[in-house]
>>> print(open('my_file33.pdb').read())   # PDB, C-alpha atoms, pLDDT in the B column
ATOM      1  CA  MET A   1     -14.802  12.342  20.664  1.00 66.00           C
ATOM      2  CA  SER A   2     -16.952  11.797  17.589  1.00 83.00           C
ATOM      3  CA  GLN A   3     -19.117  14.776  18.589  1.00 88.00           C
ATOM      4  CA  GLN A   4     -15.990  16.967  18.629  1.00 91.00           C
ATOM      5  CA  LEU A   5     -15.024  15.672  15.190  1.00 90.00           C
ATOM      6  CA  VAL A   6     -18.504  16.408  13.855  1.00 89.00           C
ATOM      7  CA  GLU A   7     -18.228  19.957  15.227  1.00 93.00           C
ATOM      8  CA  ILE A   8     -14.847  20.445  13.574  1.00 93.00           C
ATOM      9  CA  LEU A   9     -16.079  19.046  10.262  1.00 95.00           C
ATOM     10  CA  SER A  10     -19.165  21.252  10.296  1.00 95.00           C
ATOM     11  CA  ASP A  11     -17.242  24.469  11.022  1.00 96.00           C
ATOM     12  CA  GLU A  12     -14.904  25.379   8.151  1.00 96.00           C
ATOM     13  CA  ILE A  13     -12.854  27.769  10.292  1.00 97.00           C
ATOM     14  CA  LYS A  14     -12.266  25.150  12.994  1.00 95.00           C
ATOM     15  CA  PHE A  15     -11.560  22.507  10.373  1.00 96.00           C
ATOM     16  CA  THR A  16      -9.039  24.664   8.519  1.00 97.00           C
ATOM     17  CA  ARG A  17      -7.326  25.556  11.800  1.00 97.00           C
ATOM     18  CA  ALA A  18      -7.035  21.865  12.762  1.00 96.00           C
ATOM     19  CA  ALA A  19      -5.853  20.878   9.281  1.00 97.00           C
ATOM     20  CA  LYS A  20      -3.236  23.649   9.302  1.00 98.00           C
ATOM     21  CA  ALA A  21      -1.870  22.502  12.665  1.00 97.00           C
ATOM     22  CA  ALA A  22      -1.657  18.913  11.445  1.00 97.00           C
ATOM     23  CA  PHE A  23      -0.047  20.010   8.174  1.00 98.00           C
ATOM     24  CA  GLN A  24       2.564  22.114   9.942  1.00 98.00           C
ATOM     25  CA  SER A  25       3.493  19.210  12.201  1.00 97.00           C
ATOM     26  CA  VAL A  26       4.298  17.114   9.116  1.00 97.00           C
ATOM     27  CA  ASP A  27       5.893  19.944   7.088  1.00 98.00           C
ATOM     28  CA  THR A  28       8.958  20.011   9.324  1.00 97.00           C
ATOM     29  CA  ASP A  29      11.049  22.244   7.074  1.00 98.00           C
ATOM     30  CA  GLY A  30       8.299  24.878   6.858  1.00 98.00           C
ATOM     31  CA  SER A  31       8.369  24.897   3.052  1.00 98.00           C
ATOM     32  CA  GLY A  32       4.579  24.859   2.750  1.00 98.00           C
ATOM     33  CA  GLU A  33       4.685  21.434   1.112  1.00 98.00           C
ATOM     34  CA  ILE A  34       5.170  17.896   2.364  1.00 98.00           C
ATOM     35  CA  ASP A  35       7.896  16.034   0.521  1.00 98.00           C
ATOM     36  CA  LEU A  36       8.538  12.299   0.400  1.00 97.00           C
ATOM     37  CA  ASN A  37      11.014  12.390   3.308  1.00 97.00           C
ATOM     38  CA  GLU A  38       8.564  14.256   5.554  1.00 98.00           C
ATOM     39  CA  LEU A  39       5.773  11.841   4.651  1.00 98.00           C
ATOM     40  CA  LYS A  40       8.025   8.860   5.386  1.00 97.00           C
ATOM     41  CA  ALA A  41       9.079  10.361   8.722  1.00 97.00           C
ATOM     42  CA  VAL A  42       5.487  10.840   9.900  1.00 96.00           C
ATOM     43  CA  MET A  43       4.473   7.385   8.701  1.00 97.00           C
ATOM     44  CA  ASP A  44       7.475   5.847  10.507  1.00 97.00           C
ATOM     45  CA  SER A  45       6.612   7.746  13.675  1.00 96.00           C
ATOM     46  CA  MET A  46       2.960   6.731  13.598  1.00 95.00           C
ATOM     47  CA  ALA A  47       3.850   3.086  12.965  1.00 96.00           C
ATOM     48  CA  ALA A  48       6.309   3.095  15.878  1.00 96.00           C
ATOM     49  CA  GLU A  49       3.738   4.662  18.224  1.00 95.00           C
ATOM     50  CA  MET A  50       1.232   1.953  17.309  1.00 95.00           C
ATOM     51  CA  GLY A  51       3.794  -0.841  17.579  1.00 97.00           C
ATOM     52  CA  PHE A  52       3.833  -1.626  13.873  1.00 96.00           C
ATOM     53  CA  PRO A  53       6.872  -2.054  11.643  1.00 96.00           C
ATOM     54  CA  ALA A  54       7.907   0.954   9.579  1.00 96.00           C
ATOM     55  CA  PRO A  55       6.118   1.151   6.241  1.00 97.00           C
ATOM     56  CA  LYS A  56       7.923  -0.041   3.139  1.00 97.00           C
ATOM     57  CA  LYS A  57       9.189   2.573   0.723  1.00 95.00           C
ATOM     58  CA  GLU A  58       6.608   1.374  -1.829  1.00 97.00           C
ATOM     59  CA  ASP A  59       3.806   2.096   0.665  1.00 97.00           C
ATOM     60  CA  VAL A  60       5.073   5.638   1.190  1.00 97.00           C
ATOM     61  CA  LEU A  61       5.364   6.146  -2.569  1.00 97.00           C
ATOM     62  CA  ASP A  62       1.818   4.842  -3.075  1.00 97.00           C
ATOM     63  CA  LEU A  63       0.413   7.240  -0.490  1.00 97.00           C
ATOM     64  CA  MET A  64       2.374  10.139  -1.996  1.00 97.00           C
ATOM     65  CA  LYS A  65       0.948   9.259  -5.409  1.00 97.00           C
ATOM     66  CA  ASP A  66      -2.599   9.162  -3.992  1.00 97.00           C
ATOM     67  CA  LEU A  67      -2.302  12.474  -2.146  1.00 97.00           C
ATOM     68  CA  ASP A  68      -0.301  14.423  -4.741  1.00 98.00           C
ATOM     69  CA  THR A  69      -3.237  15.044  -7.056  1.00 97.00           C
ATOM     70  CA  ASP A  70      -1.494  17.765  -9.084  1.00 97.00           C
ATOM     71  CA  ARG A  71       1.552  15.504  -9.615  1.00 97.00           C
ATOM     72  CA  SER A  72       4.012  18.157  -8.391  1.00 98.00           C
ATOM     73  CA  GLY A  73       5.996  15.618  -6.377  1.00 97.00           C
ATOM     74  CA  LYS A  74       4.885  17.233  -3.102  1.00 98.00           C
ATOM     75  CA  ILE A  75       1.708  17.507  -1.060  1.00 98.00           C
ATOM     76  CA  ASP A  76       0.439  21.071  -0.720  1.00 98.00           C
ATOM     77  CA  PHE A  77      -1.973  22.258   1.949  1.00 98.00           C
ATOM     78  CA  ASN A  78      -5.100  21.852  -0.190  1.00 97.00           C
ATOM     79  CA  GLU A  79      -4.184  18.261  -1.054  1.00 98.00           C
ATOM     80  CA  PHE A  80      -3.469  17.552   2.611  1.00 98.00           C
ATOM     81  CA  LYS A  81      -6.681  19.272   3.703  1.00 97.00           C
ATOM     82  CA  SER A  82      -8.770  16.954   1.526  1.00 96.00           C
ATOM     83  CA  PHE A  83      -6.992  13.902   2.983  1.00 95.00           C
ATOM     84  CA  PHE A  84      -7.388  15.266   6.523  1.00 96.00           C
ATOM     85  CA  ARG A  85     -11.138  15.747   5.973  1.00 96.00           C
ATOM     86  CA  ASP A  86     -11.443  12.124   4.853  1.00 94.00           C
ATOM     87  CA  ILE A  87      -9.558  10.944   7.953  1.00 93.00           C
ATOM     88  CA  LEU A  88     -11.774  12.944  10.318  1.00 93.00           C
ATOM     89  CA  LYS A  89     -14.936  11.762   8.567  1.00 92.00           C
ATOM     90  CA  SER A  90     -13.777   8.184   8.936  1.00 91.00           C
ATOM     91  CA  MET A  91     -12.928   8.688  12.612  1.00 89.00           C
ATOM     92  CA  SER A  92     -16.305  10.293  13.354  1.00 86.00           C
ATOM     93  CA  SER A  93     -18.356   7.397  11.983  1.00 82.00           C
TER      94      SER A  93
END
>>> encode(input="my_file33.pdb", output="structure tokens")
Amino acid sequence: MSQQLVEILSDEIKFTRAAKAAFQSVDTDGSGEIDLNELKAVMDSMAAEMGFPAPKKEDVLDLMKDLDTDRSGKIDFNEFKSFFRDILKSMSS
């Protein structure tokens, strides 16, 4: 799996395609931005799948603050793409 991640990270077209698919799965209303409710929903879903309790509202707010670098109150694709790259890099090492 790490070889596949390295390939994705080294090919900007593949990376952007993968990031877009991930972004669209979180952006459930198709607005082109991830709002707090969408972020909470995906965090709740991931926690449930891993058998963890749902994150606290403060944890969701902290992540939103970290990802929303332009302070618009929402996560746009470029902000998400940067986060997604960091996740894949972490997974590949």
>>> residues_around(input="my_file33.pdb", residues="Ser93 (chain A)", least_positions_apart="6", cutoff="10 Å", atoms="only C-alpha atoms", output="PyMOL selection string")
chain A and resi 2-3+5-6
>>> write_last_selection(input="my_file33.pdb", atoms="C-alpha atoms", output="compact mmCIF listing (two decimals), keeping the file's coordinate frame")
# COMPACT_ATOMS: atom_id res chain seq x y z
CA SER A 2 -16.95 11.80 17.59
CA GLN A 3 -19.12 14.78 18.59
CA LEU A 5 -15.02 15.67 15.19
CA VAL A 6 -18.50 16.41 13.86
>>> closest_residue(input="my_file33.pdb", among="A:Ser25, A:Ser31, A:Gln4, A:Asn37", to="Asp76 (chain A)", atoms="only C-alpha atoms")
A:Ser31
>>> residues_around(input="my_file33.pdb", residues="Phe77 (chain A)", least_positions_apart="3", cutoff="7 Å", atoms="all atoms listed in the file", output="list of chain:residue names")
A:Phe23, A:Glu33, A:Phe80, A:Lys81
>>> write_last_selection(input="my_file33.pdb", atoms="C-alpha atoms", output="CSV table (one decimal), keeping the file's coordinate frame")
chain,number,residue,atom,x,y,z
A,23,PHE,CA,0.0,20.0,8.2
A,33,GLU,CA,4.7,21.4,1.1
A,80,PHE,CA,-3.5,17.6,2.6
A,81,LYS,CA,-6.7,19.3,3.7
>>> axis_aligned_box(input="my_file33.pdb", around="region 78-86 of chain A", padding_each_side="4 Å", output="AutoDock Vina command-line options")
--center_x -7.5 --center_y 17.0 --center_z 2.7 --size_x 16.0 --size_y 17.7 --size_z 15.6
>>> residues_near_point(input="my_file33.pdb", point="(-12.3, 15.8, 5.0)", cutoff="12 Å", atoms="only C-alpha atoms", output="list of chain:residue names")
A:Leu5, A:Val6, A:Ile8, A:Leu9, A:Ser10, A:Asp11, A:Glu12, A:Phe15, A:Thr16, A:Ala18, A:Ala19, A:Asn78, A:Glu79, A:Phe80, A:Lys81, A:Ser82, A:Phe83, A:Phe84, A:Arg85, A:Asp86, A:Ile87, A:Leu88, A:Lys89, A:Ser90, A:Met91, A:Ser92
>>> closest_residue(input="my_file33.pdb", among="A:Ile13, A:Met43, A:Met50, A:Ile34", to="Gly73 (chain A)", atoms="only C-alpha atoms")
A:Ile34
>>> resolve_selection(input="my_file33.pdb", expression="the PyMOL selection byres ((chain A and resi 64) around 12)", output="short mmCIF file (atom, residue, chain, number, x, y, z; two decimals) with C-alpha atoms, in the coordinates of the input")
data_model
loop_
_atom_site.label_atom_id
_atom_site.label_comp_id
_atom_site.auth_asym_id
_atom_site.auth_seq_id
_atom_site.Cartn_x
_atom_site.Cartn_y
_atom_site.Cartn_z
CA GLU A 33 4.68 21.43 1.11
CA ILE A 34 5.17 17.90 2.36
CA ASP A 35 7.90 16.03 0.52
CA LEU A 36 8.54 12.30 0.40
CA ASN A 37 11.01 12.39 3.31
CA GLU A 38 8.56 14.26 5.55
CA LEU A 39 5.77 11.84 4.65
CA LYS A 40 8.02 8.86 5.39
CA MET A 43 4.47 7.38 8.70
CA LYS A 57 9.19 2.57 0.72
CA GLU A 58 6.61 1.37 -1.83
CA ASP A 59 3.81 2.10 0.66
CA VAL A 60 5.07 5.64 1.19
CA LEU A 61 5.36 6.15 -2.57
CA ASP A 62 1.82 4.84 -3.08
CA LEU A 63 0.41 7.24 -0.49
CA LYS A 65 0.95 9.26 -5.41
CA ASP A 66 -2.60 9.16 -3.99
CA LEU A 67 -2.30 12.47 -2.15
CA ASP A 68 -0.30 14.42 -4.74
CA THR A 69 -3.24 15.04 -7.06
CA ASP A 70 -1.49 17.76 -9.08
CA ARG A 71 1.55 15.50 -9.62
CA SER A 72 4.01 18.16 -8.39
CA GLY A 73 6.00 15.62 -6.38
CA LYS A 74 4.88 17.23 -3.10
CA ILE A 75 1.71 17.51 -1.06
CA ASP A 76 0.44 21.07 -0.72
CA GLU A 79 -4.18 18.26 -1.05
CA PHE A 80 -3.47 17.55 2.61
CA PHE A 83 -6.99 13.90 2.98
#
>>> atom_distance(input="my_file33.pdb", atom1="CA of Met46 (chain A)", atom2="CA of Val26 (chain A)")
11.4 Å
>>> atom_distance(input="my_file33.pdb", atom1="CA of Asp29 (chain A)", atom2="CA of Arg17 (chain A)")
19.3 Å
>>> closest_residue(input="my_file33.pdb", among="A:Val42, A:Lys56, A:Glu7, A:Ala48", to="Asp27 (chain A)", atoms="only C-alpha atoms")
A:Val42
